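Listing of run28.tsv, TSV, C-alpha atoms and all ligand atoms
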chain	number	residue	atom	x	y	z
A	755	MET	CA	34.56	29.04	2.02
A	756	ASN	CA	31.02	28.05	1.04
A	757	SER	CA	28.75	29.10	3.85
A	758	TYR	CA	25.92	26.88	2.60
A	759	LEU	CA	27.95	23.71	3.03
A	760	ALA	CA	28.74	21.92	6.29
A	761	ASP	CA	31.65	23.10	8.44
A	762	LYS	CA	34.08	20.52	9.81
A	763	ASN	CA	31.73	19.63	12.67
A	764	GLY	CA	28.80	19.18	10.33
A	765	TYR	CA	27.06	22.48	11.07
A	766	TYR	CA	25.12	24.52	8.56
A	767	GLY	CA	24.75	27.75	10.52
A	768	GLU	CA	23.05	26.68	13.75
A	769	PHE	CA	21.78	23.39	12.27
A	770	GLY	CA	23.39	19.95	12.01
A	771	GLY	CA	26.03	18.44	14.29
A	772	ALA	CA	26.04	14.93	15.72
A	773	TYR	CA	23.80	14.33	18.73
A	774	ILE	CA	24.31	10.65	19.39
A	775	PRO	CA	24.32	8.20	22.27
A	776	GLU	CA	27.71	7.53	23.88
A	777	ILE	CA	27.77	3.98	22.55
A	778	LEU	CA	27.80	5.21	18.92
A	779	HIS	CA	30.51	7.77	19.51
A	780	LYS	CA	33.33	5.56	18.32
A	781	CYS	CA	31.72	4.42	15.07
A	782	VAL	CA	30.32	7.86	14.15
A	783	THR	CA	33.73	9.42	14.78
A	784	GLU	CA	35.33	6.69	12.67
A	785	LEU	CA	32.91	7.52	9.85
A	786	GLN	CA	33.53	11.28	10.22
A	787	ASN	CA	37.26	10.71	9.99
A	788	THR	CA	37.03	8.37	7.01
A	789	TYR	CA	34.29	9.43	4.61
A	790	LEU	CA	35.91	12.43	2.89
A	791	GLY	CA	39.23	10.73	2.30
A	792	VAL	CA	37.48	7.76	0.73
A	793	ILE	CA	34.89	9.49	-1.43
A	794	GLU	CA	37.45	11.96	-2.74
A	795	SER	CA	39.97	9.24	-3.60
A	796	GLU	CA	40.62	8.35	-7.24
A	797	GLU	CA	39.95	4.67	-6.54
A	798	PHE	CA	36.48	5.39	-5.12
A	799	LYS	CA	35.56	7.91	-7.82
A	800	LYS	CA	36.50	5.49	-10.55
A	801	GLU	CA	34.35	2.65	-9.22
A	802	PHE	CA	31.46	4.95	-8.25
A	803	ASP	CA	31.37	6.65	-11.66
A	804	GLN	CA	31.59	3.32	-13.48
A	805	LEU	CA	28.64	1.89	-11.54
A	806	LEU	CA	26.62	5.07	-12.00
A	807	GLN	CA	27.18	4.77	-15.73
A	808	ASP	CA	26.79	1.05	-16.37
A	809	TYR	CA	24.50	-0.04	-13.54
A	810	VAL	CA	22.33	3.01	-12.83
A	811	GLY	CA	22.28	4.33	-16.42
A	812	ARG	CA	23.80	7.77	-15.86
A	813	PRO	CA	24.01	10.45	-16.96
A	814	SER	CA	20.25	10.84	-16.66
A	815	PRO	CA	18.87	12.93	-19.54
A	816	LEU	CA	18.04	16.62	-19.23
A	817	TYR	CA	14.82	16.77	-21.20
A	818	LEU	CA	13.28	19.97	-22.58
A	819	ALA	CA	9.58	19.53	-21.85
A	820	ASN	CA	8.05	21.56	-24.66
A	821	ARG	CA	4.37	21.24	-23.87
A	822	LEU	CA	4.92	21.78	-20.16
A	823	SER	CA	7.04	24.84	-21.01
A	824	ALA	CA	4.27	26.28	-23.19
A	825	LYS	CA	1.80	25.84	-20.35
A	826	TYR	CA	3.93	27.77	-17.83
A	827	GLY	CA	5.40	30.34	-20.23
A	828	CYS	CA	9.10	29.58	-19.71
A	829	LYS	CA	11.65	26.95	-20.70
A	830	ILE	CA	11.37	23.89	-18.46
A	831	TYR	CA	13.92	21.11	-18.44
A	832	LEU	CA	13.25	17.92	-16.51
A	833	LYS	CA	16.24	16.17	-14.93
A	834	ARG	CA	15.22	12.55	-15.46
A	835	GLU	CA	16.19	10.79	-12.22
A	836	ASP	CA	13.05	8.72	-12.79
A	837	LEU	CA	14.97	6.80	-15.46
A	838	ASN	CA	17.59	5.50	-13.00
A	839	HIS	CA	17.75	1.81	-12.07
A	840	THR	CA	15.21	1.20	-9.26
A	841	GLY	CA	13.24	4.25	-10.38
A	842	ALA	CA	14.58	7.20	-8.41
A	843	HIS	CA	17.63	9.17	-7.29
A	844	LYS	CA	18.08	7.04	-4.15
A	845	ILE	CA	20.37	4.54	-5.88
A	846	ASN	CA	23.10	7.21	-6.34
A	847	ASN	CA	23.46	7.41	-2.58
A	848	THR	CA	23.23	3.71	-1.74
A	849	ILE	CA	25.93	2.82	-4.27
A	850	GLY	CA	28.25	5.42	-2.75
A	851	GLN	CA	27.61	4.32	0.83
A	852	ILE	CA	28.03	0.62	0.17
A	853	LEU	CA	31.39	1.24	-1.52
A	854	LEU	CA	32.42	3.18	1.59
A	855	ALA	CA	31.12	0.42	3.88
A	856	ARG	CA	33.16	-2.18	2.01
A	857	LYS	CA	36.25	0.03	2.15
A	858	MET	CA	35.79	0.33	5.94
A	859	GLY	CA	35.65	-3.45	6.29
A	860	LYS	CA	31.98	-3.61	7.34
A	861	THR	CA	30.10	-6.80	6.54
A	862	ARG	CA	26.53	-6.05	7.55
A	863	ILE	CA	24.24	-3.29	6.24
A	864	ILE	CA	21.21	-1.83	7.96
A	865	ALA	CA	18.76	0.76	6.65
A	866	GLU	CA	15.45	2.42	7.50
A	867	THR	CA	12.70	2.89	4.98
A	868	GLY	CA	9.31	4.57	4.78
A	869	ALA	CA	7.69	3.99	1.42
A	870	GLY	CA	10.29	1.34	0.75
A	871	GLN	CA	12.21	3.14	-2.01
A	872	HIS	CA	15.38	3.53	0.05
A	873	GLY	CA	14.93	-0.02	1.34
A	874	VAL	CA	14.78	-1.33	-2.22
A	875	ALA	CA	17.78	0.78	-3.29
A	876	THR	CA	19.77	-0.56	-0.31
A	877	ALA	CA	18.70	-4.20	-0.83
A	878	THR	CA	19.71	-3.79	-4.49
A	879	VAL	CA	23.28	-2.69	-3.76
A	880	CYS	CA	23.59	-5.36	-1.04
A	881	ALA	CA	22.72	-8.00	-3.63
A	882	LEU	CA	25.24	-6.41	-5.98
A	883	MET	CA	28.01	-6.42	-3.36
A	884	ASP	CA	27.01	-9.67	-1.62
A	885	MET	CA	26.40	-8.09	1.80
A	886	GLU	CA	23.98	-9.02	4.57
A	887	CYS	CA	21.07	-6.56	4.62
A	888	VAL	CA	18.49	-5.76	7.30
A	889	VAL	CA	15.83	-3.13	6.57
A	890	TYR	CA	13.69	-1.61	9.31
A	891	MET	CA	10.21	-0.59	8.23
A	892	GLY	CA	7.19	0.50	10.25
A	893	LYS	CA	4.46	-2.13	10.32
A	894	THR	CA	1.95	0.34	8.90
A	895	ASP	CA	4.27	0.96	5.94
A	896	VAL	CA	4.90	-2.77	5.49
A	897	GLN	CA	1.18	-3.18	4.93
A	898	ARG	CA	0.86	-0.07	2.71
A	899	GLN	CA	3.92	-0.82	0.54
A	900	HIS	CA	3.49	-4.49	-0.13
A	901	VAL	CA	5.29	-4.67	-3.49
A	902	ASN	CA	8.42	-2.95	-2.19
A	903	VAL	CA	8.54	-5.39	0.75
A	904	GLN	CA	8.41	-8.29	-1.71
A	905	LYS	CA	11.13	-6.68	-3.84
A	906	MET	CA	13.43	-6.33	-0.82
A	907	LYS	CA	12.85	-9.97	0.10
A	908	MET	CA	13.47	-11.12	-3.48
A	909	LEU	CA	16.73	-9.15	-3.40
A	910	GLY	CA	17.76	-11.12	-0.32
A	911	ALA	CA	17.17	-8.54	2.43
A	912	GLU	CA	15.51	-9.22	5.75
A	913	VAL	CA	12.65	-6.78	6.39
A	914	ARG	CA	11.99	-6.19	10.08
A	915	PRO	CA	8.56	-4.67	10.76
A	916	VAL	CA	8.65	-2.07	13.55
A	917	THR	CA	5.69	-1.94	15.93
A	918	SER	CA	6.63	1.03	18.15
A	919	GLY	CA	5.01	4.49	17.89
A	920	ASN	CA	2.94	5.12	14.78
A	921	MET	CA	4.78	2.28	13.04
A	922	THR	CA	6.09	4.54	10.26
A	923	LEU	CA	9.40	6.05	9.10
A	924	LYS	CA	10.35	7.85	12.32
A	925	ASP	CA	9.91	4.62	14.30
A	926	ALA	CA	11.84	2.58	11.72
A	927	THR	CA	14.71	5.09	12.01
A	928	ASN	CA	14.70	4.80	15.82
A	929	GLU	CA	14.91	1.03	15.50
A	930	ALA	CA	17.76	1.16	12.96
A	931	ILE	CA	19.73	3.43	15.33
A	932	ARG	CA	19.06	0.94	18.15
A	933	ASP	CA	20.41	-1.91	16.00
A	934	TRP	CA	23.51	0.15	15.21
A	935	CYS	CA	24.11	0.71	18.93
A	936	CYS	CA	24.10	-3.08	19.46
A	937	ASN	CA	26.34	-3.87	16.47
A	938	PRO	CA	28.70	-0.92	16.02
A	939	ALA	CA	31.76	-2.93	14.99
A	940	ASP	CA	30.61	-4.87	11.91
A	941	THR	CA	27.55	-2.86	10.83
A	942	PHE	CA	27.26	0.09	8.45
A	943	TYR	CA	24.06	2.14	8.61
A	944	ILE	CA	23.05	3.41	5.15
A	945	ILE	CA	20.83	6.46	5.77
A	946	GLY	CA	18.56	7.35	2.85
A	947	SER	CA	18.50	11.14	2.95
A	948	THR	CA	20.43	14.24	4.02
A	949	VAL	CA	19.45	13.66	7.65
A	950	GLY	CA	21.02	12.01	10.71
A	951	PRO	CA	24.22	12.89	12.58
A	952	HIS	CA	27.25	14.41	10.84
A	953	PRO	CA	28.66	13.20	8.44
A	954	TYR	CA	25.47	11.80	6.88
A	955	PRO	CA	23.88	15.05	5.59
A	956	ASP	CA	27.16	16.15	3.97
A	957	MET	CA	28.02	12.66	2.73
A	958	VAL	CA	24.60	12.07	1.14
A	959	ALA	CA	24.61	15.55	-0.44
A	960	ARG	CA	28.03	14.90	-1.97
A	961	LEU	CA	26.98	11.50	-3.33
A	962	GLN	CA	23.83	13.03	-4.87
A	963	SER	CA	25.73	16.05	-6.22
A	964	VAL	CA	26.30	14.08	-9.44
A	965	ILE	CA	22.85	15.41	-10.37
A	966	SER	CA	23.93	19.07	-10.45
A	967	ALA	CA	27.33	18.22	-11.93
A	968	GLU	CA	25.47	16.69	-14.88
A	969	ILE	CA	23.00	19.58	-15.11
A	970	LYS	CA	25.93	21.99	-15.52
A	971	LYS	CA	27.40	20.05	-18.43
A	972	GLN	CA	24.04	19.40	-20.07
A	973	LEU	CA	22.88	23.03	-19.83
A	974	MET	CA	26.16	24.19	-21.32
A	975	VAL	CA	25.47	22.07	-24.40
A	976	LYS	CA	21.77	22.96	-24.67
A	977	GLU	CA	21.75	26.60	-23.59
A	978	GLY	CA	25.34	27.76	-23.99
A	979	ARG	CA	25.47	28.64	-20.29
A	980	ASP	CA	25.91	26.24	-17.42
A	981	TYR	CA	23.33	27.64	-15.01
A	982	PRO	CA	19.53	27.94	-15.03
A	983	ASP	CA	17.44	30.80	-13.63
A	984	TYR	CA	15.52	28.41	-11.40
A	985	LEU	CA	16.13	25.04	-9.81
A	986	ILE	CA	13.05	23.28	-8.45
A	987	ALA	CA	12.90	20.08	-6.39
A	988	CYS	CA	10.72	18.42	-3.77
A	989	VAL	CA	11.96	17.95	-0.20
A	990	GLY	CA	11.36	15.03	2.12
A	991	GLY	CA	14.61	14.70	4.03
A	992	GLY	CA	16.35	16.67	1.31
A	993	SER	CA	18.59	14.37	-0.74
A	994	ASN	CA	17.29	14.84	-4.28
A	995	SER	CA	17.12	18.60	-3.83
A	996	ALA	CA	20.60	18.70	-2.24
A	997	GLY	CA	21.95	16.89	-5.30
A	998	THR	CA	20.13	19.23	-7.66
A	999	ILE	CA	21.38	22.46	-6.06
A	1000	TYR	CA	24.80	21.34	-4.76
A	1001	HIS	CA	27.01	22.96	-7.40
A	1002	TYR	CA	24.84	26.09	-7.55
A	1003	LEU	CA	24.61	26.95	-3.85
A	1004	ASP	CA	26.96	29.93	-4.16
A	1005	ASP	CA	25.65	31.07	-7.53
A	1006	GLU	CA	23.17	33.80	-6.65
A	1007	ARG	CA	22.00	34.00	-10.27
A	1008	VAL	CA	20.22	30.72	-9.65
A	1009	LYS	CA	16.97	30.87	-7.66
A	1010	ILE	CA	16.24	27.78	-5.60
A	1011	VAL	CA	12.64	26.68	-5.05
A	1012	LEU	CA	11.95	23.78	-2.68
A	1013	ALA	CA	8.55	22.13	-2.52
A	1014	GLU	CA	7.52	20.50	0.73
A	1015	ALA	CA	4.39	18.46	1.27
A	1016	GLY	CA	1.43	20.52	2.45
A	1017	GLY	CA	-0.76	17.43	2.92
A	1018	LEU	CA	-4.35	18.53	3.44
A	1019	GLY	CA	-3.11	22.12	4.01
A	1020	VAL	CA	-0.31	23.63	6.08
A	1021	THR	CA	-2.66	24.71	8.87
A	1022	SER	CA	-4.94	21.65	8.69
A	1023	GLY	CA	-3.07	19.58	11.28
A	1024	GLN	CA	-2.54	17.01	8.50
A	1025	SER	CA	0.65	18.23	6.87
A	1026	ALA	CA	4.32	17.44	6.34
A	1027	ALA	CA	5.41	21.06	5.69
A	1028	THR	CA	8.29	20.67	8.12
A	1029	ILE	CA	10.15	23.88	7.27
A	1030	GLN	CA	7.08	26.02	7.76
A	1031	LEU	CA	5.67	24.17	10.77
A	1032	GLY	CA	8.87	23.01	12.46
A	1033	ARG	CA	10.77	24.52	15.37
A	1034	VAL	CA	14.42	24.03	16.26
A	1035	GLY	CA	14.92	20.63	17.83
A	1036	ILE	CA	16.96	17.45	17.67
A	1037	LEU	CA	15.77	14.42	15.75
A	1038	HIS	CA	17.75	11.33	14.74
A	1039	GLY	CA	21.10	12.79	15.71
A	1040	SER	CA	20.86	16.21	14.12
A	1041	LYS	CA	19.71	19.70	15.11
A	1042	SER	CA	17.20	21.00	12.61
A	1043	LEU	CA	13.60	22.10	12.18
A	1044	VAL	CA	11.30	19.47	13.61
A	1045	MET	CA	7.52	19.19	13.79
A	1046	GLN	CA	6.87	18.99	17.52
A	1047	SER	CA	4.29	19.77	20.16
A	1048	GLU	CA	4.68	22.53	22.81
A	1049	ASP	CA	6.54	20.10	25.08
A	1050	GLY	CA	8.81	18.74	22.36
A	1051	GLN	CA	7.00	15.52	21.42
A	1052	ILE	CA	7.46	14.70	17.73
A	1053	GLU	CA	4.28	15.28	15.77
A	1054	GLU	CA	3.09	12.82	13.15
A	1055	PRO	CA	3.42	14.28	9.67
A	1056	TYR	CA	0.94	13.56	6.92
A	1057	SER	CA	1.28	13.62	3.13
A	1058	ILE	CA	-0.29	11.62	0.32
A	1059	SER	CA	3.31	10.92	-0.66
A	1060	ALA	CA	5.01	8.43	1.65
A	1061	GLY	CA	8.46	9.69	0.64
A	1062	LEU	CA	7.78	13.22	1.91
A	1063	ASP	CA	6.11	12.11	5.12
A	1064	TYR	CA	8.94	12.88	7.60
A	1065	PRO	CA	8.72	15.16	10.69
A	1066	GLY	CA	12.27	16.51	10.19
A	1067	ILE	CA	14.30	18.08	7.41
A	1068	GLY	CA	17.98	18.04	6.57
A	1069	PRO	CA	20.06	20.68	8.40
A	1070	MET	CA	21.31	22.04	5.06
A	1071	HIS	CA	17.75	22.85	4.05
A	1072	ALA	CA	16.83	24.36	7.42
A	1073	HIS	CA	19.79	26.68	6.91
A	1074	LEU	CA	18.88	27.49	3.28
A	1075	ALA	CA	15.37	28.37	4.44
A	1076	THR	CA	16.36	30.54	7.40
A	1077	THR	CA	19.01	32.41	5.38
A	1078	LYS	CA	16.41	32.81	2.60
A	1079	ARG	CA	18.78	31.32	0.01
A	1080	ALA	CA	15.90	29.02	-0.93
A	1081	THR	CA	12.21	29.78	-1.34
A	1082	ILE	CA	10.07	27.18	0.38
A	1083	LEU	CA	6.63	26.43	-1.02
A	1084	ALA	CA	4.06	24.03	0.40
A	1085	VAL	CA	2.25	21.96	-2.22
A	1086	ASP	CA	-0.89	20.21	-1.01
A	1087	ASP	CA	-2.02	16.67	-1.87
A	1088	ASP	CA	-4.59	17.77	-4.44
A	1089	GLU	CA	-2.18	20.20	-6.12
A	1090	ALA	CA	0.44	17.45	-6.43
A	1091	LEU	CA	-2.10	15.01	-7.86
A	1092	GLN	CA	-3.25	17.57	-10.41
A	1093	ALA	CA	0.35	18.24	-11.41
A	1094	ALA	CA	1.03	14.49	-11.79
A	1095	PHE	CA	-1.93	14.06	-14.16
A	1096	GLU	CA	-0.94	17.20	-16.04
A	1097	LEU	CA	2.63	15.99	-16.68
A	1098	THR	CA	1.34	12.59	-17.75
A	1099	LYS	CA	-1.05	14.15	-20.29
A	1100	LEU	CA	1.37	16.80	-21.59
A	1101	GLU	CA	4.61	14.83	-21.72
A	1102	GLY	CA	3.75	11.14	-21.43
A	1103	ILE	CA	5.68	10.81	-18.17
A	1104	ILE	CA	4.03	9.43	-15.01
A	1105	PRO	CA	5.95	10.98	-12.10
A	1106	ALA	CA	6.40	9.73	-8.54
A	1107	LEU	CA	4.02	11.46	-6.12
A	1108	GLU	CA	7.03	13.08	-4.44
A	1109	SER	CA	8.22	14.59	-7.72
A	1110	ALA	CA	4.66	15.73	-8.41
A	1111	HIS	CA	5.08	18.15	-5.49
A	1112	ALA	CA	7.95	19.82	-7.35
A	1113	LEU	CA	5.72	20.02	-10.43
A	1114	GLY	CA	2.95	21.50	-8.27
A	1115	ALA	CA	5.25	24.41	-7.44
A	1116	LEU	CA	5.35	25.54	-11.10
A	1117	SER	CA	1.98	27.29	-10.86
A	1118	LYS	CA	3.13	29.21	-7.76
A	1119	VAL	CA	6.14	30.91	-9.36
A	1120	ASP	CA	5.93	33.99	-11.58
A	1121	PHE	CA	8.23	33.07	-14.48
A	1122	LYS	CA	9.50	35.37	-17.22
A	1123	SER	CA	9.34	34.00	-20.77
A	1124	THR	CA	13.14	33.97	-20.95
A	1125	ASP	CA	13.56	31.96	-17.75
A	1126	VAL	CA	15.35	28.62	-17.94
A	1127	VAL	CA	13.99	26.26	-15.29
A	1128	VAL	CA	15.42	22.88	-14.28
A	1129	LEU	CA	13.04	20.70	-12.30
A	1130	ASN	CA	14.34	17.51	-10.76
A	1131	LEU	CA	12.03	14.62	-11.57
A	1132	SER	CA	13.21	12.54	-8.62
A	1133	GLY	CA	11.34	9.32	-9.43
A	1134	ARG	CA	8.84	7.48	-11.56
A	1135	GLY	CA	5.22	6.83	-10.69
A	1136	ASP	CA	4.99	3.04	-10.94
A	1137	LYS	CA	4.99	2.67	-7.16
A	1138	ASP	CA	2.14	5.18	-6.86
A	1139	MET	CA	-0.29	3.58	-9.31
A	1140	ASP	CA	-2.63	2.46	-6.52
A	1141	THR	CA	-3.07	6.08	-5.46
A	1142	TYR	CA	-3.47	7.32	-9.03
A	1143	ILE	CA	-6.01	4.56	-9.77
A	1144	LYS	CA	-8.04	5.57	-6.73
A	1145	VAL	CA	-8.10	9.20	-7.87
A	1146	MET	CA	-9.17	8.22	-11.39
A	1147	SER	CA	-11.98	6.02	-10.08
A	1148	LEU	CA	-13.31	8.95	-8.04
A	1149	GLU	CA	-13.31	11.17	-11.11
A	1150	LEU	CA	-15.21	8.73	-13.34
A	1201	LIG	C1	12.47	9.28	-1.11
A	1201	LIG	C2	12.04	10.12	-2.25
A	1201	LIG	C3	11.96	11.52	-2.15
A	1201	LIG	C4	12.18	12.27	-0.88
A	1201	LIG	O1	13.44	12.16	-0.30
A	1201	LIG	P1	14.56	13.30	-0.43
A	1201	LIG	O2	15.64	12.79	0.45
A	1201	LIG	O3	13.97	14.59	0.05
A	1201	LIG	O4	14.95	13.37	-1.85
A	1201	LIG	C5	11.63	12.24	-3.27
A	1201	LIG	N1	11.34	11.62	-4.45
A	1201	LIG	C6	11.39	10.28	-4.58
A	1201	LIG	C7	11.06	9.66	-5.90
A	1201	LIG	C8	11.73	9.47	-3.49
A	1201	LIG	O5	11.77	8.15	-3.63

For this file, produce the structure as structure tokens.
Amino acid sequence: MNSYLADKNGYYGEFGGAYIPEILHKCVTELQNTYLGVIESEEFKKEFDQLLQDYVGRPSPLYLANRLSAKYGCKIYLKREDLNHTGAHKINNTIGQILLARKMGKTRIIAETGAGQHGVATATVCALMDMECVVYMGKTDVQRQHVNVQKMKMLGAEVRPVTSGNMTLKDATNEAIRDWCCNPADTFYIIGSTVGPHPYPDMVARLQSVISAEIKKQLMVKEGRDYPDYLIACVGGGSNSAGTIYHYLDDERVKIVLAEAGGLGVTSGQSAATIQLGRVGILHGSKSLVMQSEDGQIEEPYSISAGLDYPGIGPMHAHLATTKRATILAVDDDEALQAAFELTKLEGIIPALESAHALGALSKVDFKSTDVVVLNLSGRGDKDMDTYIKVMSLEL
């Protein structure tokens, strides 16, 4: 029915699918045939909801940001995913996937990570469920994200530095897929965003859809209607935005604004604005928009925010952009930084640099005074203090 959701083969329009090596065929097919039955079962829902409530701290508040609203001349609510255990929305997904892994009899978990947030969220649920955990992380990122590496180790995970390519997220993902090919029987690969072969984009979107399910209930109480005029979220691979918009995809009253990372400027050659710069291609098992050279080599993305620094984008979002269901805005490094300092001063909330890109989109939209806006604050800024400190020292 819903043309913005995946069809049974994992396609969103022309995007999606499962482009995988022969050796993974059996375990990806097994996952495709299993995931819906499990995550829609009463047994799964009960345990998932309980953990989201008691372990993650859900529902996350929907906070009316009065001073921010006054500044932009509309009514802005912040969906506080920054208050979740481990500091971001990523834990919603890792809890869901590890419950599925356990149900499928898997004993070993692998994951890729860039900034380390997904790695920490995965290591956390592996500690919780007493599972072996291996996290692949580019060597460059290991050096840049020291504290998250230490957290993963403290949680009992093995962090494997990846030295191929640019030694960042794309290379870590390649290495995780390689591991999966060698260990398809006992290993479950927990992917951190709405990317990868079908069923991952659909599965991750469903697990994150708790965000929009809560927004509906919370808006009903606060506004007497269960939909906003605008939903705003940042996009790296697309999971926090997918969760934010999931239950509103077919509701044309709701405008969707997605903020991707402009880096030093979309045309600067130092950008991660994948939707605007990408062309149709296949990356990590899925057909989507990919930043690539004339001859199809993946181009290195750049953003000040490590969580938005990915050369691909989820197939759902590629489809939302090409059908114009969503408006895509690029927010540059300096605009995101400014927005982060603004939120901190106006509301006393230090946002993650990724979420600051969503905040940076506020000044680019022409709001009416009656507009109700829900902006997903995907994570907190603790992990980004080094960057913020550097900016402050330049300004002194
Ligand atoms: C990882 C991350 C993102 C980007 O990933 P999506 O899958 O696009 O949500 C955004 N915000 C925070 C806080 C993150 O940790």

Just want the residues within 7 Å of ligand LIG 1201 (chain A), written as an mmCIF file with C-alpha atoms, keeping the file's coordinate frame, counting all atoms listed in the file.
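Saved result, selection-v6.cif, follows:
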data_model
loop_
_atom_site.group_PDB
_atom_site.id
_atom_site.type_symbol
_atom_site.label_atom_id
_atom_site.label_comp_id
_atom_site.auth_asym_id
_atom_site.auth_seq_id
_atom_site.Cartn_x
_atom_site.Cartn_y
_atom_site.Cartn_z
ATOM 1 C CA ALA A 842 14.580 7.200 -8.410
ATOM 2 C CA HIS A 843 17.630 9.170 -7.290
ATOM 3 C CA LYS A 844 18.080 7.040 -4.150
ATOM 4 C CA GLN A 871 12.210 3.140 -2.010
ATOM 5 C CA HIS A 872 15.380 3.530 0.050
ATOM 6 C CA GLY A 946 18.560 7.350 2.850
ATOM 7 C CA SER A 947 18.500 11.140 2.950
ATOM 8 C CA THR A 948 20.430 14.240 4.020
ATOM 9 C CA CYS A 988 10.720 18.420 -3.770
ATOM 10 C CA VAL A 989 11.960 17.950 -0.200
ATOM 11 C CA GLY A 990 11.360 15.030 2.120
ATOM 12 C CA GLY A 991 14.610 14.700 4.030
ATOM 13 C CA GLY A 992 16.350 16.670 1.310
ATOM 14 C CA SER A 993 18.590 14.370 -0.740
ATOM 15 C CA ASN A 994 17.290 14.840 -4.280
ATOM 16 C CA SER A 995 17.120 18.600 -3.830
ATOM 17 C CA GLY A 1061 8.460 9.690 0.640
ATOM 18 C CA LEU A 1062 7.780 13.220 1.910
ATOM 19 C CA ALA A 1106 6.400 9.730 -8.540
ATOM 20 C CA GLU A 1108 7.030 13.080 -4.440
ATOM 21 C CA SER A 1109 8.220 14.590 -7.720
ATOM 22 C CA SER A 1132 13.210 12.540 -8.620
ATOM 23 C CA GLY A 1133 11.340 9.320 -9.430
ATOM 24 C CA ARG A 1134 8.840 7.480 -11.560
#

So how far away is CA of Val1126 (chain A) from CA of Tyr984 (chain A), in Å?
6.5 Å

Which neighbours of Gly771 (chain A) fall inside 8 Å, counting only C-alpha atoms, when residues of the same chain fewer than 5 positions from it are skipped, and could you give them as a list in words?
Asn763, Gly764, Tyr765, Pro951, His952, Gly1039, Ser1040 and Lys1041 of chain A

Contact check, region 1008-1125 of chain A to region 958-975 of chain A, at most 12 Å, counting all atoms listed in the file, closest pairs as a Markdown table:
| residue | atom | partner | partner_atom | distance |
| --- | --- | --- | --- | --- |
| A:Val1008 | CA | A:Lys970 | CA | 12.0 |
| A:Gly1068 | CA | A:Ala959 | CA | 10.0 |
| A:Pro1069 | CA | A:Ala959 | CA | 11.2 |
| A:Met1070 | CA | A:Ala959 | CA | 9.1 |
| A:His1071 | CA | A:Ala959 | CA | 11.0 |

Those residues with C-alpha atoms, as a tab-separated table (two decimals), in the coordinates of the input please?
chain	number	residue	atom	x	y	z
A	1008	VAL	CA	20.22	30.72	-9.65
A	1068	GLY	CA	17.98	18.04	6.57
A	1069	PRO	CA	20.06	20.68	8.40
A	1070	MET	CA	21.31	22.04	5.06
A	1071	HIS	CA	17.75	22.85	4.05

Minimum-distance residue to His1038 (chain A), chosen among A:Gln1051, A:Asn847, A:Asn937, A:Thr927 (using only C-alpha atoms):
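Nearest candidate to His1038 (chain A) out of A:Gln1051, A:Asn847, A:Asn937, A:Thr927: A:Thr927.
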
What is the CA of Ala772 (chain A) to CA of Pro1055 (chain A) distance in Å?
23.4 Å

Residues at most 12 Å from region 1045-1049 of chain A, counting only C-alpha atoms, excluding those fewer than 6 positions away in the same chain, as a PDB file with C-alpha atoms, in the frame of the given file?
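Wrote it out as selection18.pdb, contents follow:
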ATOM      1  CA  LYS A 924      10.350   7.850  12.320  1.00  0.00           C
ATOM      2  CA  VAL A1020      -0.310  23.630   6.080  1.00  0.00           C
ATOM      3  CA  GLY A1023      -3.070  19.580  11.280  1.00  0.00           C
ATOM      4  CA  GLN A1024      -2.540  17.010   8.500  1.00  0.00           C
ATOM      5  CA  SER A1025       0.650  18.230   6.870  1.00  0.00           C
ATOM      6  CA  ALA A1026       4.320  17.440   6.340  1.00  0.00           C
ATOM      7  CA  ALA A1027       5.410  21.060   5.690  1.00  0.00           C
ATOM      8  CA  THR A1028       8.290  20.670   8.120  1.00  0.00           C
ATOM      9  CA  ILE A1029      10.150  23.880   7.270  1.00  0.00           C
ATOM     10  CA  GLN A1030       7.080  26.020   7.760  1.00  0.00           C
ATOM     11  CA  LEU A1031       5.670  24.170  10.770  1.00  0.00           C
ATOM     12  CA  GLY A1032       8.870  23.010  12.460  1.00  0.00           C
ATOM     13  CA  ARG A1033      10.770  24.520  15.370  1.00  0.00           C
ATOM     14  CA  VAL A1034      14.420  24.030  16.260  1.00  0.00           C
ATOM     15  CA  GLY A1035      14.920  20.630  17.830  1.00  0.00           C
ATOM     16  CA  ILE A1036      16.960  17.450  17.670  1.00  0.00           C
ATOM     17  CA  LEU A1037      15.770  14.420  15.750  1.00  0.00           C
ATOM     18  CA  PRO A1055       3.420  14.280   9.670  1.00  0.00           C
ATOM     19  CA  TYR A1056       0.940  13.560   6.920  1.00  0.00           C
ATOM     20  CA  ASP A1063       6.110  12.110   5.120  1.00  0.00           C
ATOM     21  CA  TYR A1064       8.940  12.880   7.600  1.00  0.00           C
ATOM     22  CA  PRO A1065       8.720  15.160  10.690  1.00  0.00           C
ATOM     23  CA  GLY A1066      12.270  16.510  10.190  1.00  0.00           C
ATOM     24  CA  ILE A1067      14.300  18.080   7.410  1.00  0.00           C
TER      25      ILE A1067
END

Within 8 Å of Asp1086 (chain A), counting only C-alpha atoms, which residues qualify if same-chain residues fewer than 2 places away don't, as a list in words?
Ala1015, Gly1016, Gly1017, Leu1018, Gly1019, Val1020, Ala1084, Asp1088, Glu1089, Ala1090 and His1111 of chain A

Just need the box for region 977-993 of chain A, edges along x, y and z, holding every atom the file lists for it with 3 Å tacked onto each side, so centre and edge lengths in Å to one decimal, as JSON.
{"center_x": 18.3, "center_y": 22.6, "center_z": -10.0, "size_x": 21.2, "size_y": 22.4, "size_z": 34.0}

Set the distance at 12 Å and use only C-alpha atoms: which residues neighbour Asp1120 (chain A) once local chain neighbours fewer than 5 positions away are removed? I'd like the list as a list in words.
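In the requested form, the answer reads Tyr826, Gly827, Cys828, Tyr984, Val1011, Ala1115, Asp1125 and Val1127 of chain A.
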